[in-house]
>>> print(open('target_21.tsv').read())   # TSV, C-alpha atoms and all ligand atoms
chain	number	residue	atom	x	y	z
E	17	MET	CA	16.50	-232.11	156.33
E	18	LEU	CA	19.14	-230.21	158.23
E	19	ASP	CA	20.07	-231.64	161.56
E	20	ASN	CA	19.93	-229.45	164.64
E	21	SER	CA	23.63	-228.72	164.87
E	22	LYS	CA	23.65	-227.54	161.23
E	23	LYS	CA	20.68	-225.27	161.97
E	24	GLU	CA	22.49	-223.88	165.01
E	25	ALA	CA	25.62	-223.34	162.93
E	26	ILE	CA	23.71	-221.33	160.34
E	27	SER	CA	21.99	-219.15	162.90
E	28	HIS	CA	25.28	-218.62	164.72
E	29	LYS	CA	26.97	-217.55	161.52
E	30	ASN	CA	24.13	-215.12	160.71
E	31	TRP	CA	24.34	-213.60	164.15
E	32	PHE	CA	28.14	-213.29	164.05
E	33	ASN	CA	28.14	-211.60	160.66
E	34	LYS	CA	25.46	-209.14	161.71
E	35	ALA	CA	26.85	-208.41	165.18
E	36	PHE	CA	30.40	-207.43	164.18
E	37	SER	CA	31.92	-205.12	161.61
E	38	LYS	CA	34.99	-206.11	159.60
E	39	GLU	CA	37.25	-204.21	162.00
E	40	GLU	CA	35.65	-205.87	164.98
E	41	VAL	CA	36.00	-209.32	163.43
E	42	GLU	CA	39.70	-208.54	163.02
E	43	GLN	CA	39.94	-207.36	166.65
E	44	LEU	CA	38.32	-210.61	167.75
E	45	ARG	CA	40.59	-212.67	165.54
E	46	GLN	CA	43.62	-211.14	167.20
E	47	ILE	CA	42.50	-212.47	170.57
E	48	GLY	CA	41.72	-215.88	169.12
E	49	ILE	CA	37.96	-215.50	168.69
E	50	GLU	CA	36.34	-216.37	165.40
E	51	CYS	CA	33.06	-217.69	164.12
E	52	LYS	CA	33.34	-221.46	164.43
E	53	ALA	CA	30.10	-222.27	162.63
E	54	ASP	CA	31.94	-223.93	159.75
E	55	HIS	CA	34.11	-226.14	161.92
E	56	ASN	CA	33.30	-229.83	161.92
E	57	PHE	CA	33.09	-230.02	165.68
E	58	PHE	CA	30.55	-227.19	165.98
E	59	ASN	CA	27.63	-228.56	167.96
E	60	PHE	CA	25.77	-226.12	170.19
E	61	GLU	CA	25.93	-222.38	169.64
E	62	ILE	CA	25.39	-221.72	173.34
E	63	LEU	CA	28.50	-223.75	174.14
E	64	ASP	CA	30.53	-221.70	171.72
E	65	ILE	CA	29.28	-218.42	173.17
E	66	PHE	CA	30.02	-219.73	176.66
E	67	GLY	CA	33.66	-220.14	175.60
E	68	CYS	CA	33.64	-216.48	174.58
E	69	ILE	CA	31.96	-215.04	177.67
E	70	THR	CA	34.55	-216.76	179.85
E	71	ASN	CA	37.42	-215.43	177.73
E	72	ARG	CA	39.42	-212.93	179.80
E	73	LYS	CA	40.90	-211.17	176.79
E	74	LEU	CA	37.44	-210.57	175.34
E	75	LYS	CA	36.22	-209.11	178.64
E	76	LYS	CA	38.59	-206.20	178.14
E	77	PHE	CA	36.64	-205.15	175.03
E	78	GLU	CA	33.50	-204.16	176.90
E	79	THR	CA	31.19	-203.39	173.99
E	80	LEU	CA	32.12	-206.52	172.07
E	81	TYR	CA	31.87	-208.58	175.23
E	82	ALA	CA	28.38	-207.23	175.93
E	83	ARG	CA	27.23	-208.49	172.53
E	84	PHE	CA	28.32	-212.01	173.41
E	85	ILE	CA	26.47	-211.79	176.73
E	86	ASP	CA	23.36	-210.52	174.91
E	87	ARG	CA	23.59	-213.44	172.51
E	88	TYR	CA	24.02	-215.92	175.38
E	89	ILE	CA	20.87	-214.55	176.99
E	90	ALA	CA	19.00	-214.67	173.66
E	91	LEU	CA	19.75	-218.40	173.41
E	92	ILE	CA	18.22	-219.10	176.81
E	93	PRO	CA	14.53	-220.10	176.79
E	94	SER	CA	12.36	-217.07	177.51
E	95	PHE	CA	10.75	-218.51	180.66
E	96	LEU	CA	14.20	-218.70	182.26
E	97	ARG	CA	15.23	-215.16	181.47
E	98	ILE	CA	13.60	-213.75	184.60
E	99	TYR	CA	16.14	-215.71	186.66
E	100	ILE	CA	19.17	-214.44	184.79
E	101	ASP	CA	21.63	-212.43	186.79
E	102	ARG	CA	23.78	-210.68	184.18
E	103	ASP	CA	26.49	-209.88	186.66
E	104	MET	CA	26.79	-213.54	187.64
E	105	LEU	CA	26.80	-214.58	183.98
E	106	GLU	CA	29.82	-212.36	183.51
E	107	ASN	CA	31.66	-213.34	186.65
E	108	ASP	CA	30.65	-216.78	187.82
E	109	GLN	CA	31.56	-219.64	185.49
E	110	TYR	CA	29.58	-222.21	187.47
E	111	TYR	CA	26.47	-220.09	187.18
E	112	ALA	CA	27.01	-219.30	183.50
E	113	ALA	CA	27.72	-222.94	182.65
E	114	TRP	CA	24.36	-224.03	184.03
E	115	PHE	CA	22.58	-222.55	181.00
E	116	PHE	CA	24.51	-224.43	178.36
E	117	ASN	CA	24.45	-227.60	180.45
E	118	ARG	CA	20.68	-227.33	180.50
E	119	HIS	CA	20.59	-226.76	176.77
E	120	SER	CA	22.84	-229.74	176.03
E	121	PHE	CA	20.88	-232.00	178.39
E	122	PHE	CA	17.55	-231.40	176.67
E	123	GLU	CA	19.12	-231.39	173.22
E	124	VAL	CA	20.51	-234.89	173.79
E	125	TYR	CA	17.00	-236.02	174.72
E	126	LYS	CA	15.44	-234.27	171.73
E	127	ARG	CA	17.94	-235.74	169.30
E	128	ALA	CA	17.43	-239.21	170.79
E	129	LEU	CA	13.67	-238.93	170.34
E	130	GLU	CA	14.20	-237.87	166.74
E	131	THR	CA	16.13	-241.06	166.00
E	132	PRO	CA	13.32	-243.59	165.45
E	133	SER	CA	15.67	-246.56	165.14
E	134	TRP	CA	16.58	-246.03	168.80
E	135	ASN	CA	13.03	-246.38	169.93
E	136	GLY	CA	12.76	-248.90	172.74
E	137	LYS	CA	16.36	-250.03	172.30
E	138	HIS	CA	18.00	-247.09	173.98
E	139	LYS	CA	17.74	-245.56	177.41
E	140	VAL	CA	19.12	-242.32	178.78
E	141	LEU	CA	21.72	-242.11	181.50
E	142	TRP	CA	21.66	-239.15	183.87
E	143	SER	CA	25.24	-238.30	184.56
E	144	PRO	CA	26.10	-235.44	186.94
E	145	VAL	CA	29.63	-234.19	187.56
E	146	LEU	CA	30.17	-234.80	191.26
E	147	ASP	CA	32.57	-232.59	193.18
E	148	ILE	CA	32.50	-230.01	195.94
E	149	TYR	CA	30.45	-227.60	193.80
E	150	THR	CA	27.70	-230.10	193.00
E	151	PRO	CA	24.35	-229.28	194.65
E	152	LYS	CA	22.87	-232.12	196.66
E	153	GLU	CA	19.88	-232.41	194.31
E	154	CYS	CA	22.12	-233.79	191.55
E	155	TYR	CA	23.35	-236.77	193.59
E	156	LEU	CA	19.92	-238.35	193.42
E	157	TYR	CA	20.37	-238.89	189.70
E	158	ALA	CA	23.94	-240.17	189.58
E	159	ASN	CA	24.15	-243.10	187.15
E	160	LYS	CA	20.39	-243.49	186.97
E	161	LEU	CA	19.02	-245.00	183.80
E	162	PHE	CA	15.67	-243.86	182.44
E	163	ASP	CA	13.33	-244.89	179.68
E	164	MET	CA	12.69	-242.03	177.29
E	165	ASP	CA	9.23	-241.21	178.56
E	166	ASP	CA	7.21	-238.81	180.69
E	167	VAL	CA	8.64	-240.13	183.93
E	168	PHE	CA	12.06	-238.99	182.80
E	169	LEU	CA	10.77	-235.73	181.40
E	170	GLU	CA	9.00	-234.83	184.63
E	171	GLN	CA	12.24	-235.26	186.62
E	172	ALA	CA	14.26	-233.40	184.02
E	173	VAL	CA	11.91	-230.42	183.81
E	174	ALA	CA	11.75	-230.10	187.60
E	175	HIS	CA	15.53	-230.39	187.99
E	176	TRP	CA	16.22	-227.70	185.38
E	177	GLU	CA	13.41	-225.35	186.34
E	178	LYS	CA	15.70	-222.59	187.49
E	179	PRO	CA	19.44	-221.99	187.71
E	180	ARG	CA	21.26	-224.23	190.16
E	181	ARG	CA	24.83	-223.09	190.54
E	182	GLY	CA	27.30	-225.96	190.28
E	183	CYS	CA	24.88	-228.39	188.63
E	184	ARG	CA	26.65	-229.95	185.66
E	185	CYS	CA	24.24	-232.77	184.97
E	186	ALA	CA	24.64	-234.35	181.55
E	187	LEU	CA	22.56	-236.82	179.63
E	188	LEU	CA	23.89	-239.71	177.59
E	189	THR	CA	22.02	-242.13	175.38
E	190	VAL	CA	23.04	-245.73	175.86
E	191	ARG	CA	22.44	-248.85	173.81
E	192	GLU	CA	20.93	-251.94	175.31
E	193	SER	CA	24.12	-253.93	174.71
E	194	SER	CA	26.11	-251.45	176.76
E	195	TYR	CA	23.70	-250.72	179.62
E	196	LYS	CA	22.79	-254.37	180.27
E	197	THR	CA	26.19	-255.35	181.58
E	198	ARG	CA	26.52	-252.14	183.57
E	199	LEU	CA	23.14	-252.67	185.15
E	200	SER	CA	24.06	-256.15	186.27
E	201	SER	CA	27.40	-254.97	187.63
E	202	GLY	CA	25.64	-252.22	189.59
E	203	GLN	CA	27.42	-249.38	187.80
E	204	TYR	CA	24.06	-248.10	186.54
E	205	GLU	CA	20.71	-248.31	188.28
E	206	LEU	CA	17.25	-248.13	186.82
E	207	TRP	CA	15.31	-245.10	188.04
E	208	ASP	CA	12.82	-246.34	190.60
E	209	LYS	CA	9.50	-244.60	189.96
E	210	LYS	CA	8.35	-245.39	193.50
E	211	SER	CA	11.19	-243.41	195.04
E	212	THR	CA	9.86	-240.12	193.70
E	301	ZN	ZN	22.05	-231.34	188.37
>>> encode(input="target_21.tsv", output="structure tokens", more="lines below")
Ligand SMILES: [Zn+2]
Amino acid sequence: MLDNSKKEAISHKNWFNKAFSKEEVEQLRQIGIECKADHNFFNFEILDIFGCITNRKLKKFETLYARFIDRYIALIPSFLRIYIDRDMLENDQYYAAWFFNRHSFFEVYKRALETPSWNGKHKVLWSPVLDIYTPKECYLYANKLFDMDDVFLEQAVAHWEKPRRGCRCALLTVRESSYKTRLSSGQYELWDKKST
């Protein structure tokens, strides 16, 4: 069975080959943009497209740029599309980044669930980037450790319901051997169900 990143790589490659003519591929190559589907480090297509839509050189080629924006939007779950502000996608990196951060967050969870050997032995760590752009809602989850269950999912779905500019929450899976010491040192905290 193909893993998710391989599936994403294939669909990215198909899109890229269909979206651009030979001449356009050459134009893109000259500004350092190429299809990275075959690279070893290719992980999420949406992350790759994000790199392109924030590329200033690409922005100067309006029609090509628009195709990358269209693709970015196509990769966003349909229920979220009503919230998309195309102008902000093009001009506000913190807004645009929210969509791939959301994708990566849930993908980490999905991939963890699909690894049966992790069952019960791993937890997930909610890990927001904290700086002046971080919305206050993200602070609640800083270094909170969750079981992979509905309690977590409920918080995650609510937090990522609609775009929150500046939110760069990430999810990490952690082994028991590594979270135990961090829990006792206070670096991580278990999510307290009563506090919700
Ligand atoms: Zn957040």
>>> atom_distance(input="target_21.tsv", atom1="atom CA of E:Leu146", atom2="atom CA of E:Gly182")
9.3 Å
>>> residues_near_ligand(input="target_21.tsv", ligand="ligand ZN 301 (chain E)", cutoff="6 Å", atoms="only C-alpha atoms and all ligand atoms", output="PDB file with C-alpha atoms, keeping the file's coordinate frame")
ATOM      1  CA  PRO E 144      26.100-235.440 186.940  1.00  0.00           C
ATOM      2  CA  CYS E 154      22.120-233.790 191.550  1.00  0.00           C
ATOM      3  CA  CYS E 183      24.880-228.390 188.630  1.00  0.00           C
ATOM      4  CA  ARG E 184      26.650-229.950 185.660  1.00  0.00           C
ATOM      5  CA  CYS E 185      24.240-232.770 184.970  1.00  0.00           C
TER       6      CYS E 185
END
>>> closest_residue(input="target_21.tsv", among="E:Asn56, E:Ser37, E:Glu61, E:Gly48", to="E:Asn20", atoms="all atoms listed in the file")
E:Glu61
>>> closest_residue(input="target_21.tsv", among="E:Ala113, E:Glu78, E:Pro179, E:Leu188", to="E:Lys126", atoms="all atoms listed in the file")
E:Leu188
>>> residues_around(input="target_21.tsv", residues="stretch 201-204 of chain E", least_positions_apart="6", cutoff="8 Å", atoms="all atoms listed in the file", output="JSON, numbers by chain")
{"E": [159, 160, 161, 195]}
>>> atom_distance(input="target_21.tsv", atom1="atom CA of E:Pro132", atom2="atom CA of E:Ser193")
17.6 Å
>>> closest_residue(input="target_21.tsv", among="E:Leu80, E:Glu177, E:Ala172, E:Gln109", to="E:Tyr125", atoms="only C-alpha atoms")
E:Ala172
>>> closest_residue(input="target_21.tsv", among="E:Lys139, E:His55, E:Arg127, E:Lys34", to="E:Arg83", atoms="all atoms listed in the file")
E:Lys34
>>> atom_distance(input="target_21.tsv", atom1="atom CA of E:Ser21", atom2="atom CA of E:Ser133")
19.5 Å
>>> closest_residue(input="target_21.tsv", among="E:Arg198, E:Arg102, E:Arg97, E:His175", to="E:Phe84", atoms="only C-alpha atoms")
E:Arg102
>>> build_atoms(input="target_21.tsv", residues="stretch 33-65 of chain E", atoms="N, CA and C atoms", output="PDB file, keeping the file's coordinate frame")
ATOM      1  N   ASN E  33      27.928-212.533 161.766  1.00  0.00           N
ATOM      2  CA  ASN E  33      28.140-211.600 160.660  1.00  0.00           C
ATOM      3  C   ASN E  33      27.396-210.295 160.834  1.00  0.00           C
ATOM      4  N   LYS E  34      26.231-210.369 161.476  1.00  0.00           N
ATOM      5  CA  LYS E  34      25.460-209.140 161.710  1.00  0.00           C
ATOM      6  C   LYS E  34      26.003-208.346 162.887  1.00  0.00           C
ATOM      7  N   ALA E  35      26.476-209.071 163.921  1.00  0.00           N
ATOM      8  CA  ALA E  35      26.850-208.410 165.180  1.00  0.00           C
ATOM      9  C   ALA E  35      28.155-207.619 165.074  1.00  0.00           C
ATOM     10  N   PHE E  36      29.069-208.049 164.179  1.00  0.00           N
ATOM     11  CA  PHE E  36      30.400-207.430 164.180  1.00  0.00           C
ATOM     12  C   PHE E  36      30.796-206.888 162.808  1.00  0.00           C
ATOM     13  N   SER E  37      31.409-205.718 162.851  1.00  0.00           N
ATOM     14  CA  SER E  37      31.920-205.120 161.610  1.00  0.00           C
ATOM     15  C   SER E  37      33.222-205.817 161.231  1.00  0.00           C
ATOM     16  N   LYS E  38      33.720-205.519 160.062  1.00  0.00           N
ATOM     17  CA  LYS E  38      34.990-206.110 159.600  1.00  0.00           C
ATOM     18  C   LYS E  38      36.125-205.845 160.582  1.00  0.00           C
ATOM     19  N   GLU E  39      36.174-204.586 161.060  1.00  0.00           N
ATOM     20  CA  GLU E  39      37.250-204.210 162.000  1.00  0.00           C
ATOM     21  C   GLU E  39      37.113-204.993 163.302  1.00  0.00           C
ATOM     22  N   GLU E  40      35.865-205.135 163.723  1.00  0.00           N
ATOM     23  CA  GLU E  40      35.650-205.870 164.980  1.00  0.00           C
ATOM     24  C   GLU E  40      35.983-207.359 164.835  1.00  0.00           C
ATOM     25  N   VAL E  41      35.648-207.921 163.681  1.00  0.00           N
ATOM     26  CA  VAL E  41      36.000-209.320 163.430  1.00  0.00           C
ATOM     27  C   VAL E  41      37.523-209.490 163.513  1.00  0.00           C
ATOM     28  N   GLU E  42      38.240-208.506 162.981  1.00  0.00           N
ATOM     29  CA  GLU E  42      39.700-208.540 163.020  1.00  0.00           C
ATOM     30  C   GLU E  42      40.222-208.416 164.463  1.00  0.00           C
ATOM     31  N   GLN E  43      39.576-207.508 165.221  1.00  0.00           N
ATOM     32  CA  GLN E  43      39.940-207.360 166.650  1.00  0.00           C
ATOM     33  C   GLN E  43      39.747-208.690 167.382  1.00  0.00           C
ATOM     34  N   LEU E  44      38.628-209.335 167.105  1.00  0.00           N
ATOM     35  CA  LEU E  44      38.320-210.610 167.750  1.00  0.00           C
ATOM     36  C   LEU E  44      39.335-211.677 167.335  1.00  0.00           C
ATOM     37  N   ARG E  45      39.653-211.666 166.057  1.00  0.00           N
ATOM     38  CA  ARG E  45      40.590-212.670 165.540  1.00  0.00           C
ATOM     39  C   ARG E  45      41.934-212.571 166.254  1.00  0.00           C
ATOM     40  N   GLN E  46      42.326-211.336 166.546  1.00  0.00           N
ATOM     41  CA  GLN E  46      43.620-211.140 167.200  1.00  0.00           C
ATOM     42  C   GLN E  46      43.658-211.688 168.627  1.00  0.00           C
ATOM     43  N   ILE E  47      42.498-211.855 169.232  1.00  0.00           N
ATOM     44  CA  ILE E  47      42.500-212.470 170.570  1.00  0.00           C
ATOM     45  C   ILE E  47      41.998-213.919 170.482  1.00  0.00           C
ATOM     46  N   GLY E  48      42.018-214.455 169.287  1.00  0.00           N
ATOM     47  CA  GLY E  48      41.720-215.880 169.120  1.00  0.00           C
ATOM     48  C   GLY E  48      40.243-216.231 169.035  1.00  0.00           C
ATOM     49  N   ILE E  49      39.384-215.211 168.801  1.00  0.00           N
ATOM     50  CA  ILE E  49      37.960-215.500 168.690  1.00  0.00           C
ATOM     51  C   ILE E  49      37.505-215.368 167.242  1.00  0.00           C
ATOM     52  N   GLU E  50      36.866-216.412 166.774  1.00  0.00           N
ATOM     53  CA  GLU E  50      36.340-216.370 165.400  1.00  0.00           C
ATOM     54  C   GLU E  50      35.034-217.128 165.364  1.00  0.00           C
ATOM     55  N   CYS E  51      34.312-216.948 164.269  1.00  0.00           N
ATOM     56  CA  CYS E  51      33.060-217.690 164.120  1.00  0.00           C
ATOM     57  C   CYS E  51      33.407-219.130 163.777  1.00  0.00           C
ATOM     58  N   LYS E  52      32.959-220.056 164.639  1.00  0.00           N
ATOM     59  CA  LYS E  52      33.340-221.460 164.430  1.00  0.00           C
ATOM     60  C   LYS E  52      32.245-222.275 163.738  1.00  0.00           C
ATOM     61  N   ALA E  53      31.259-221.561 163.202  1.00  0.00           N
ATOM     62  CA  ALA E  53      30.100-222.270 162.630  1.00  0.00           C
ATOM     63  C   ALA E  53      30.479-223.276 161.549  1.00  0.00           C
ATOM     64  N   ASP E  54      31.575-223.016 160.825  1.00  0.00           N
ATOM     65  CA  ASP E  54      31.940-223.930 159.750  1.00  0.00           C
ATOM     66  C   ASP E  54      32.848-225.064 160.182  1.00  0.00           C
ATOM     67  N   HIS E  55      33.242-225.053 161.450  1.00  0.00           N
ATOM     68  CA  HIS E  55      34.110-226.140 161.920  1.00  0.00           C
ATOM     69  C   HIS E  55      33.326-227.434 162.087  1.00  0.00           C
ATOM     70  N   ASN E  56      33.981-228.528 161.824  1.00  0.00           N
ATOM     71  CA  ASN E  56      33.300-229.830 161.920  1.00  0.00           C
ATOM     72  C   ASN E  56      32.763-230.139 163.305  1.00  0.00           C
ATOM     73  N   PHE E  57      33.479-229.660 164.327  1.00  0.00           N
ATOM     74  CA  PHE E  57      33.090-230.020 165.680  1.00  0.00           C
ATOM     75  C   PHE E  57      32.040-229.074 166.266  1.00  0.00           C
ATOM     76  N   PHE E  58      31.572-228.114 165.470  1.00  0.00           N
ATOM     77  CA  PHE E  58      30.550-227.190 165.980  1.00  0.00           C
ATOM     78  C   PHE E  58      29.294-227.969 166.331  1.00  0.00           C
ATOM     79  N   ASN E  59      28.797-227.788 167.543  1.00  0.00           N
ATOM     80  CA  ASN E  59      27.630-228.560 167.960  1.00  0.00           C
ATOM     81  C   ASN E  59      26.517-227.659 168.477  1.00  0.00           C
ATOM     82  N   PHE E  60      26.776-227.009 169.615  1.00  0.00           N
ATOM     83  CA  PHE E  60      25.770-226.120 170.190  1.00  0.00           C
ATOM     84  C   PHE E  60      26.286-224.683 170.165  1.00  0.00           C
ATOM     85  N   GLU E  61      25.495-223.779 169.658  1.00  0.00           N
ATOM     86  CA  GLU E  61      25.930-222.380 169.640  1.00  0.00           C
ATOM     87  C   GLU E  61      26.182-221.857 171.051  1.00  0.00           C
ATOM     88  N   ILE E  62      25.281-222.238 171.969  1.00  0.00           N
ATOM     89  CA  ILE E  62      25.390-221.720 173.340  1.00  0.00           C
ATOM     90  C   ILE E  62      26.725-222.121 173.990  1.00  0.00           C
ATOM     91  N   LEU E  63      27.225-223.281 173.607  1.00  0.00           N
ATOM     92  CA  LEU E  63      28.500-223.750 174.140  1.00  0.00           C
ATOM     93  C   LEU E  63      29.656-222.892 173.609  1.00  0.00           C
ATOM     94  N   ASP E  64      29.535-222.552 172.343  1.00  0.00           N
ATOM     95  CA  ASP E  64      30.530-221.700 171.720  1.00  0.00           C
ATOM     96  C   ASP E  64      30.567-220.307 172.354  1.00  0.00           C
ATOM     97  N   ILE E  65      29.369-219.767 172.563  1.00  0.00           N
ATOM     98  CA  ILE E  65      29.280-218.420 173.170  1.00  0.00           C
ATOM     99  C   ILE E  65      29.788-218.480 174.615  1.00  0.00           C
TER     100      ILE E  65
END
